[in-house]
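Visitor: Below is the structure I would like to discuss, written out as structure tokens.
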Amino acid sequence: MANLKETFAKGFFKDNPIFIQILGICSALAVTNLMLNSLIMGIGLIFVTAFSEMTVSLIRNRTPKHIRMMIQTFIISFYVILLDIFLKAYMPAMSRALGPYVGLIITNCIIMGRCEAFAQNNTAKDAFIDGIAYGGGYAFVLLLISFVRELLGFGTLFGYTVMPAGFVPWTLMVMPPAAFFLLAIIIWVAKNILPKEENSEGAKTA
Amino acid sequence: MTKEKSKKTLFYPVAFMVVMSMIMSLALATLNQVTYGIIKEQEENQTRMSILSALGIEYNSSEDISRIFAENIVEGIWDDQTYFIYKEDGEEISYAFPIVGSAVWGTVEAFGAMNAERTVFLGVDFVRHSETPGLGGRIEDDWYKEQFRGIDITGDMPYVVYRPAPGGNVDTISGATSTSNAVLALINENIHEFKNFKEEGGA
């Protein structure tokens, strides 16, 4: 296995799915108005990415090459439905809050991208860890965006009031455009801080 | 390509897919079966929460909900649908009735409530809908629902009117005109029909 630290550094910063690869931003924009929503979505994505990658890797030598993408989508759907049922049964309020976005994890390019780019050629254990790293990178950015949005939009963090009593909520932060502005700022900052050559190496098209 | 080989390249992927489908479907079906009861219970709880919120009754926990439903609420039949009568000390205080109909993308299921004198609309709460999240989906937002509390329904249809039309008493959702209108029409119609049903002495 390539260095564990290196894998996580890649997933979280150098090759971050959101601010470097610009993947999965649809859901990143949609569920980031509250930190709790982002956290659950992030955990959900870590779960789906890790297990999908592991499964794809486990059966990679038996999978006919020309139908492999069909199989990958199939495996991803399987885990997403698993997650969806779990949320419906044990976290109904969260299931309602996240609405259609749990089902839409199936179409999240991060998972498909990692299955295709990494899991196809690596052992199950490495693929699993890779999934955690990249899912974690996604969750990390979601939490970053929702931290600002919830703090300024509601004056709370994870539902707990943290702003002083006289605080006037900045309504724009709760609305979808705020996610665009914040994501753009994060990408801008990231592109400036991270070393140049790493950027171009990690860049992929959605 | 020999006959043998083409058979093999066609057969193996198909067989592979079939086996995969079988394993995964079986796993999901089992899980679905196992959690069926829990999900059903959660959904029922959700419906009950909607009914209480339409009636404007406070509750703190799911024990509260069960207790209120056991002690204060009896069911009635209206037009093949179940409606709920809220009682205190044996006296009918208010009614919660289902509001079901189509909006923009699909069926909206909600509960509306009025007092036993049929003079005031107490509130509305949505159980299920498939409107666009962030647009029509905002019918679920508190600011929208809370507007419907305490609307006078002694006159004739329409009881609820969007501002700034004359006699307007609630605000529409910007960017979701069709959903807003569909929901308003459903609420008005159902208030009207339920009022008539009660005035004709329906139990």
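To be explicit about the labels: the chains of the structure tokens are called A, B, and onward in the order shown, and within each one the residues are counted from 1, while ligands get numbers from 1 in the order they are shown.
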List the neighbours of B:Glu41 out to 9 Å using only C-alpha atoms; skip same-chain residues closer than 5 positions along the sequence, and give me the result as a PyMOL selection string.

Guide: (chain A and resi 89) or (chain B and resi 36+46)

Visitor: Let me see the file: selected residues, N, CA, C and O atoms, as a PDB file, in the first residue's frame.

Guide:
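Output (out.pdb):
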```pdb
ATOM      1  N   ALA A  89     -35.386   4.070   8.390  1.00  0.00           N
ATOM      2  CA  ALA A  89     -35.806   3.283   9.540  1.00  0.00           C
ATOM      3  C   ALA A  89     -35.353   3.901  10.863  1.00  0.00           C
ATOM      4  O   ALA A  89     -36.096   3.904  11.829  1.00  0.00           O
TER       5      ALA A  89
ATOM      6  N   TYR B  36     -39.177  -3.334   7.437  1.00  0.00           N
ATOM      7  CA  TYR B  36     -40.503  -2.895   7.003  1.00  0.00           C
ATOM      8  C   TYR B  36     -41.342  -2.345   8.161  1.00  0.00           C
ATOM      9  O   TYR B  36     -41.903  -1.267   8.085  1.00  0.00           O
ATOM     10  N   GLN B  46     -44.929   9.964  11.735  1.00  0.00           N
ATOM     11  CA  GLN B  46     -44.842  11.194  10.940  1.00  0.00           C
ATOM     12  C   GLN B  46     -46.245  11.754  10.662  1.00  0.00           C
ATOM     13  O   GLN B  46     -46.485  12.948  10.817  1.00  0.00           O
TER      14      GLN B  46
END
```

Visitor: Could you give me, as a list in words, each residue of stretch 126-189 of chain A that DSSP assigns to strand (DSSP E) when run on this structure's backbone?

Guide: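 Result set for stretch 126-189 of chain A (strand (DSSP E)): Thr156, Leu157, Tyr160 and Thr161 of chain A.
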
Visitor: Take the residues that were just selected and, keeping C-alpha atoms, output them as a PDB file, in the first residue's frame.

Guide:
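The result, written out as again.pdb:
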```
ATOM      1  CA  THR A 156     -26.040  28.186  15.357  1.00  0.00           C
ATOM      2  CA  LEU A 157     -23.624  25.276  15.005  1.00  0.00           C
ATOM      3  CA  TYR A 160     -26.696  25.000  19.209  1.00  0.00           C
ATOM      4  CA  THR A 161     -26.893  28.771  19.381  1.00  0.00           C
TER       5      THR A 161
END
```

Visitor: Would you mind listing, as a ChimeraX atom specification, all residues of chain B that have at least one atom within 9 Å of chain A, where only C-alpha atoms are what counts?

Guide: /B:9,12-13,16-17,20-21,24-25,28,31-32,35-43,46,133-134

Visitor: Would you return as JSON, numbers by chain the members of stretch 94-202 of chain A that DSSP assigns to helix (DSSP H, G or I) on this structure's backbone?

Guide: {"A": [94, 95, 96, 97, 98, 99, 100, 101, 103, 104, 105, 106, 107, 109, 110, 111, 112, 113, 114, 115, 116, 117, 119, 120, 121, 124, 125, 126, 127, 128, 129, 130, 131, 132, 133, 134, 135, 136, 137, 138, 139, 140, 141, 142, 143, 144, 145, 146, 147, 148, 149, 150, 151, 152, 153, 171, 172, 173, 174, 176, 177, 178, 179, 180, 181, 182, 183, 184, 185, 186, 187, 188, 189, 190, 191, 192, 193, 196, 197, 198, 199, 200, 201, 202]}

Visitor: One number please: atom CA of A:Met54 to atom CA of A:Ile110, in Å, one decimal.

Guide: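 Between atom CA of A:Met54 and atom CA of A:Ile110 the gap works out to 14.6 Å.
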
Visitor: Atom CA of A:Tyr134 and atom CA of A:Asn33 are how many Å apart?

Guide: 21.7 Å

Visitor: Any idea what the distance is between atom CA of A:Leu183 and atom CA of A:Leu39?

Guide: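 Atom-to-atom, atom CA of A:Leu183 and atom CA of A:Leu39 are spaced 16.8 Å apart.
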
Visitor: Could you pull the residues within 12 Å of A:Ala190, counting only C-alpha atoms, minus those fewer than 3 positions along the same chain, as a count of residues only?

Guide: 22
